[in-house]
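What follows is a set of notes on a single structure, which appears directly below.
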There are 4 protein chains.
Amino acid sequence: MSQSQIPVAVLGATGSVGQRFISLLDHHPWFKVVALAASDRSIGQSYAQACRWVLNDPMPEFAREMVVVPATPECIDAKIVFSALHNEIAKDLEPQFAQAGFAVCSNASSYRRAEDVPLLLPEVNADHIQLVKIQREQRGWSGCILTNPNCTSTGLTVTLKALDDSFGVKKVFAVSLQALSGAGYPGIPSLDIIDNVIPNINGEEDKVEWEPRKMLGKLNGNKIDLSYMRFSAHTNRVAVSDGHTVCASVELARPADPEAAEEVLRAYRAPASASELPSSPRPVIEVRSEADRPQPRLDRLTGNGMTTVVGRLRRDPILDLKFVVLSHNTIRGAAGGSIYNAELLVNENLL
Amino acid sequence: MSQSQIPVAVLGATGSVGQRFISLLDHHPWFKVVALAASDRSIGQSYAQACRWVLNDPMPEFAREMVVVPATPECIDAKIVFSALHNEIAKDLEPQFAQAGFAVCSNASSYRRAEDVPLLLPEVNADHIQLVKIQREQRGWSGCILTNPNCTSTGLTVTLKALDDSFGVKKVFAVSLQALSGAGYPGIPSLDIIDNVIPNINGEEDKVEWEPRKMLGKLNGNKIDLSYMRFSAHTNRVAVSDGHTVCASVELARPADPEAAEEVLRAYRAPASASELPSSPRPVIEVRSEADRPQPRLDRLTGNGMTTVVGRLRRDPILDLKFVVLSHNTIRGAAGGSIYNAELLVNENLL
Amino acid sequence: MSQSQIPVAVLGATGSVGQRFISLLDHHPWFKVVALAASDRSIGQSYAQACRWVLNDPMPEFAREMVVVPATPECIDAKIVFSALHNEIAKDLEPQFAQAGFAVCSNASSYRRAEDVPLLLPEVNADHIQLVKIQREQRGWSGCILTNPNCTSTGLTVTLKALDDSFGVKKVFAVSLQALSGAGYPGIPSLDIIDNVIPNINGEEDKVEWEPRKMLGKLNGNKIDLSYMRFSAHTNRVAVSDGHTVCASVELARPADPEAAEEVLRAYRAPASASELPSSPRPVIEVRSEADRPQPRLDRLTGNGMTTVVGRLRRDPILDLKFVVLSHNTIRGAAGGSIYNAELLVNENLL
Amino acid sequence: MSQSQIPVAVLGATGSVGQRFISLLDHHPWFKVVALAASDRSIGQSYAQACRWVLNDPMPEFAREMVVVPATPECIDAKIVFSALHNEIAKDLEPQFAQAGFAVCSNASSYRRAEDVPLLLPEVNADHIQLVKIQREQRGWSGCILTNPNCTSTGLTVTLKALDDSFGVKKVFAVSLQALSGAGYPGIPSLDIIDNVIPNINGEEDKVEWEPRKMLGKLNGNKIDLSYMRFSAHTNRVAVSDGHTVCASVELARPADPEAAEEVLRAYRAPASASELPSSPRPVIEVRSEADRPQPRLDRLTGNGMTTVVGRLRRDPILDLKFVVLSHNTIRGAAGGSIYNAELLVNENLL
């Protein structure tokens, strides 16, 4: 480990999001993975033995021979832990790590709604990271917990932020067509999705209707004032491996035509503190002008999977605008998002 | 042919909708297929030779040895022609058949918007068939043209009709996840849809935003007063063979909770003239109470593919209700719909 | 229950093969389902509550309100039990049922290789059912155990039987492309099969290389002399819901050209005792002459899913013949096969 | 263009293999694309306008604004042309280019069987490139034609070469599960492959049974002595985007156990002249030891899609060995292969 590298660990390292963390942290310029933690069943095995790798990219060499350790603060010597834990487990474990001084960058939903926990998309609300100070004060932690939103809200919120800044967004109808990897592994049985659509994802609509309001809210002293934006969401599972598509219609405070909206989206930039980090999306938003894009298979890896891709900007006959958003659900919407959050924390000298 | 059977023909018989017509007309109690017409390339061949059959059910025996004839009135001796023609061809040919005394039951979109042409879902607007009289008067035809709507509007309109009768529907936000068979054969290239979603179907959104307004309009003397209901549609193609799923949110004039809406949907009946026909859906609407239904693979054949299946009735945070509609696109939404229309025509003594 | 109907039960009723049993036994002319048994978790619930139904056809009405009972002889009052149990459980339970006087028609592999247990495809080796007498003598059972082979061997063995009778088959090279339903539910995770092939099915190759040899063997007094036919198998999982495809090359003792082989396949008939039963395949073998058939989606339901479909008969440059076999894996290859076996048992007065 | 770069053109640039050429030639260290040629319909348009891009990787920037030119020698100023032409067109055009002094590296099948045309896999038969001299002599060409084999033969032949060198291969049974991209674009209609397998690919079995014999043959003076190895092939299309899987069984002259075979495969190296080229596969062969690998989705990009991946080495009960081979059909099996051939030509000073 070079002197300047920060030691990090992955909790829940054998699951599909855990694997994505490991893949994205391979050769990371700032972070060095020093521990992989997983459930009892895997402890003591090499990572290559313990893990059924499901990503297209091969398992990074650095991880193969690492011995899986228990997910407890005592067993891990790192500054940052990336959490791909299940929500119930995260609820108990993440505060223990924060208490013990670790910065927990979590993909779990357990603390997304806690008032003193930032729910972050750095290209949207980098300033919310200041909540960490309040969190530490209130809870007496030397570490902290940062969260990223559910994968379906991710691209949608980035797009809404750009529109909101210029036109004010009042209402949002959003219907998702979500990828299989969002359900983890083994996740959706193949017999449930071949030649099929599943028109429900448990708990997801509620998240999509709430989480963007926190991220698009204003940091007001010690807390976030939720955005008044209103949401209605339908969430669906389709036979796609990676990449969530969202069809959205929005009502604007200051109506704009599709061309003006497109211009605003293309011009959107991340806040300065979040724009030059290793995982910063380049560009933040890509606007496609073809009639049938974005498509998950063709566009999900735009900007290494960190870019939000928007297309089909057109007038909505009821509200103001219609469009389609695509975002890579396990990169920008999960592991890549947590890593980007960690980079912001470091950059803000809050580690 | 038994004396009471009506001779019918299929135009565009070798395409995927044409095949569905032939499959559904096998053993039909009222209709007897006497001619199969297709494009020049197929004329003179047996149907079995001319056609690349793509349905799961085998090609009916009656059709195998029938010789394909040209799609012109002179070459066909029947009372009813079912049209699975492409729109540009339908535009020219259908009036020729109507002029020559045939009742044309068409799946093409060419005449759906003509003021004197009924756009029919018998379980919704059976009374609109009276337009046929005006059509004959105005055009001097002994035959007539009846149309059925695009496949995505079909199930949605049936559901809206039931809700509109009881609660008044004001606005409809609809996002479709449409099956491959809706694009015909060869249709969508496999490379375009494997591990993918195509977030656009040319011309479809415009149809979904307009056609229900005609069907839900009132017959007022010589014409239809379009419904004031307003629509916003997004249409998508997904990797499903048959069965269009629509996620809908609606605003009601007299707000209703999901339970009341469910009751109304379950209680909905077709108008008397359309309720006991051979192709009448039984039931018209099936409401599923599971959290993850309807699903295309499991529910598309409900009521032999003629029933509209609705599920996930719940409150909408912006409008009033959210729900999911499923309808078989090549049965209820295409060939089965045209046949049901023809049955209504016969039953009303308008043939 | 009409006086002439035989009471039957299904063990493992909530799994995917159990569901197929229930679907196929609905309105069966001889059998009446009187009990549905499943694991502890389901006992006491209605079948509709206990079961996540995965078939395209809806759950039969008769089953919905039946209360799930334990899979023990004391809790079931029937003459025949259809076993869709997992192998380890079948190994213990099936003999208990046979001992208690039940005829066990099993889809499990546990007793397929037992010398006194018939491994049956009635259209191939109906005479092997006589082993039941020896089984009863040797084991002191009043009931018995009958088994059907693994789903991949099924269609292949039917085809080989017809060829063997006329030409003598010496060697068989077989590569399968197997459907997802063969792995049960939840079975294969969707992420493992989307845009993918899995080139292995645990234990399957060994079964395909052995089971046909028993079925194609001769009943010689008290035992079966295994066929000398030699097999080499590769087994693969592909993204198909139902229907196993097998590519086979065979060496013949008396070489035949493809036309002669085709004639023999078309002419093949089940033994008299197995040819007029309710589940007898009609026809036993269907030969398709198109260049690209059989295909699972188009041909799996031939003969209600009981027919073996063969196509692409052609010369093999190394052995003698090449061809493709398709068989519905959960109908002919599982539940339908067990029911057909039970019908043979009744017909032979061996119940 | 740096002085040392060689100007190249792509013929048939808008098709799926043409796109792969353009993608692989982006930033190629030796070659610089100076012309893109396609059919009349596209001429004069920018490549971005003319082409429906279907690859996951975005269209390279260099290509977007290039104007598509006619596929004739007069319109192209380059040293090498990469041909992704259809066979009928290739048959006429490729000799015109060779006559005019271009080195034609072709993916078409038109000249693969010509006695003086090398059919090349550089890691297998780099020495066959010497045929180019005879070709030039006999035909009076200053240019030449080099071909690469069909995509299904590719990985199989690499594997057989390694085994043949050590053990002598006598007979080969090969059954393919081929990807959709092998059929080009639009290629296979989605309705033909969803929930399905197509058990035939026109003309493919004949190629798989012949082409490896030329590549594994010996260059003997002016001609290739075909290998005596005998082949039997079955070819199938499955729902996979990229990556052909082949199940093979082989008979060896000097029988070897799976461990010995594995060692030989791992140790296989390309001939010296082909081992350090920009497109040389690294490694030539990767052997996977998991029970269920190689899999197309997980393994096709091994070695940037140039490596042959082998797994499941085991004894064959009839012949000697069974195994599974995976090769990327549009990289190693098409465009990447042609580029590798061109590199070999340059390296041998035969350009």
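Just so we're on the same page: first chain in the structure tokens is A, next is B, and so on; residues restart at 1 for each chain, and ligands are numbered from 1 in the order they show up.
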Open item on the list: List the spatial neighbours of segment 203-213 of chain D as a count of residues only - criterion: any atom at most 9 Å away, only C-alpha atoms, same-chain residues fewer than 6 positions off excluded.
Closed with: 25
TODO: Please report as a PyMOL selection string which residues of chain B come no farther than 10 Å from chain D, using only C-alpha atoms.
DONE: chain B and resi 54-55+179-181+183-195+239-242
TODO: Name all residues at most 9 Å from Lys79 of chain C (count only C-alpha atoms; drop same-chain ones fewer than 5 positions away) and give them as a list in words.
DONE: Ile6, Pro7, Val8, Ala9, Gly101, Phe102, Ala103, Val104, Gly143 and Leu351 of chain C
Close residues, Pro258 of chain D itself excluded, 10 Å, only C-alpha atoms, min 5 positions apart in chain, as an mmCIF file with C-alpha atoms, in the first residue's frame:
data_model
loop_
_atom_site.group_PDB
_atom_site.id
_atom_site.type_symbol
_atom_site.label_atom_id
_atom_site.label_comp_id
_atom_site.auth_asym_id
_atom_site.auth_seq_id
_atom_site.Cartn_x
_atom_site.Cartn_y
_atom_site.Cartn_z
ATOM 1 C CA GLU D 263 -1.815 -29.503 -19.087
ATOM 2 C CA VAL D 264 -1.292 -29.540 -22.824
ATOM 3 C CA ARG D 312 -15.178 -29.420 -18.309
ATOM 4 C CA LEU D 313 -12.385 -31.651 -19.522
ATOM 5 C CA ARG D 314 -13.527 -35.183 -18.716
ATOM 6 C CA ARG D 315 -13.463 -38.707 -20.080
ATOM 7 C CA ASP D 316 -15.828 -39.605 -22.866
ATOM 8 C CA ASP D 320 -11.616 -40.343 -25.273
ATOM 9 C CA LEU D 321 -12.256 -36.825 -24.049
ATOM 10 C CA LYS D 322 -15.198 -34.482 -23.652
ATOM 11 C CA PHE D 323 -14.917 -30.735 -23.157
#
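The interatomic distance for the pair atom CA of Ser176 of chain B and atom CA of His244 of chain B works out to 7.0 Å.
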Open item on the list: Applying 9 Å and only C-alpha atoms, which residues near Ile145 of chain D remain after dropping the ones on its own chain fewer than 6 positions away? List them as an NGL selection string.
Closed with: :D and (94-95 or 97-98 or 102-106 or 111 or 117-118 or 132 or 135)
- [ ] Please run DSSP on the backbone and report, as a ChimeraX atom specification, all residues within segment 6-87 of chain B that come out as alpha helix (DSSP H).
- [x] /B:16-25,47-50,61-64,87
Output file for the residues above (N, CA and C atoms, as an mmCIF file, in the first residue's frame):
data_model
loop_
_atom_site.group_PDB
_atom_site.id
_atom_site.type_symbol
_atom_site.label_atom_id
_atom_site.label_comp_id
_atom_site.auth_asym_id
_atom_site.auth_seq_id
_atom_site.Cartn_x
_atom_site.Cartn_y
_atom_site.Cartn_z
ATOM 1 N N SER B 16 -48.257 -12.256 -38.774
ATOM 2 C CA SER B 16 -48.500 -12.818 -37.438
ATOM 3 C C SER B 16 -49.935 -12.572 -36.970
ATOM 4 N N VAL B 17 -50.520 -11.428 -37.311
ATOM 5 C CA VAL B 17 -51.914 -11.212 -36.932
ATOM 6 C C VAL B 17 -52.832 -12.073 -37.808
ATOM 7 N N GLY B 18 -52.485 -12.195 -39.085
ATOM 8 C CA GLY B 18 -53.249 -13.076 -39.964
ATOM 9 C C GLY B 18 -53.281 -14.504 -39.426
ATOM 10 N N GLN B 19 -52.152 -14.959 -38.943
ATOM 11 C CA GLN B 19 -52.096 -16.307 -38.358
ATOM 12 C C GLN B 19 -53.018 -16.420 -37.152
ATOM 13 N N ARG B 20 -53.024 -15.384 -36.348
ATOM 14 C CA ARG B 20 -53.875 -15.418 -35.158
ATOM 15 C C ARG B 20 -55.351 -15.456 -35.576
ATOM 16 N N PHE B 21 -55.718 -14.724 -36.630
ATOM 17 C CA PHE B 21 -57.087 -14.805 -37.140
ATOM 18 C C PHE B 21 -57.434 -16.260 -37.488
ATOM 19 N N ILE B 22 -56.542 -16.890 -38.214
ATOM 20 C CA ILE B 22 -56.815 -18.256 -38.679
ATOM 21 C C ILE B 22 -56.933 -19.204 -37.503
ATOM 22 N N SER B 23 -56.081 -19.011 -36.528
ATOM 23 C CA SER B 23 -56.127 -19.866 -35.344
ATOM 24 C C SER B 23 -57.443 -19.672 -34.587
ATOM 25 N N LEU B 24 -57.869 -18.428 -34.434
ATOM 26 C CA LEU B 24 -59.093 -18.164 -33.656
ATOM 27 C C LEU B 24 -60.361 -18.515 -34.430
ATOM 28 N N LEU B 25 -60.273 -18.516 -35.749
ATOM 29 C CA LEU B 25 -61.466 -18.826 -36.550
ATOM 30 C C LEU B 25 -61.651 -20.332 -36.740
ATOM 31 N N TYR B 47 -51.416 -22.487 -48.298
ATOM 32 C CA TYR B 47 -51.109 -21.662 -47.128
ATOM 33 C C TYR B 47 -49.923 -22.249 -46.355
ATOM 34 N N ALA B 48 -49.882 -23.560 -46.257
ATOM 35 C CA ALA B 48 -48.774 -24.200 -45.523
ATOM 36 C C ALA B 48 -47.424 -23.876 -46.150
ATOM 37 N N GLN B 49 -47.397 -23.763 -47.458
ATOM 38 C CA GLN B 49 -46.138 -23.403 -48.131
ATOM 39 C C GLN B 49 -45.819 -21.926 -47.947
ATOM 40 N N ALA B 50 -46.844 -21.101 -48.067
ATOM 41 C CA ALA B 50 -46.634 -19.657 -48.142
ATOM 42 C C ALA B 50 -46.293 -19.031 -46.802
ATOM 43 N N GLU B 61 -55.752 -27.425 -39.408
ATOM 44 C CA GLU B 61 -55.779 -28.306 -40.577
ATOM 45 C C GLU B 61 -56.498 -27.663 -41.754
ATOM 46 N N PHE B 62 -57.610 -26.971 -41.467
ATOM 47 C CA PHE B 62 -58.420 -26.437 -42.572
ATOM 48 C C PHE B 62 -57.621 -25.497 -43.479
ATOM 49 N N ALA B 63 -56.621 -24.839 -42.874
ATOM 50 C CA ALA B 63 -55.900 -23.806 -43.616
ATOM 51 C C ALA B 63 -54.766 -24.366 -44.467
ATOM 52 N N ARG B 64 -54.215 -25.488 -44.075
ATOM 53 C CA ARG B 64 -52.976 -25.975 -44.676
ATOM 54 C C ARG B 64 -53.015 -26.030 -46.198
ATOM 55 N N ASN B 87 -50.915 -0.816 -42.742
ATOM 56 C CA ASN B 87 -51.756 0.377 -42.812
ATOM 57 C C ASN B 87 -51.823 1.008 -44.203
#
Task: Sel. of strand (DSSP E) residues, segment 52-170 of chain C, as a count of residues only - done: 16
Open item on the list: Need the shell around segment 34-45 of chain C: protein/DNA/RNA residues with any atom at most 8 Å away, counting only C-alpha atoms. Skip same-chain ones fewer than 5 positions apart. Format as a ChimeraX atom specification?
Closed with: /C:7-14,50,66-71,76-78
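Using only C-alpha atoms, the nearest neighbour of Ile201 of chain B within the list A:Asp26, A:Glu343, A:Asp92, A:Asp292 is A:Asp292.
Picture a line from atom CA of Arg254 of chain B to atom CA of Lys161 of chain B; it runs 14.5 Å.
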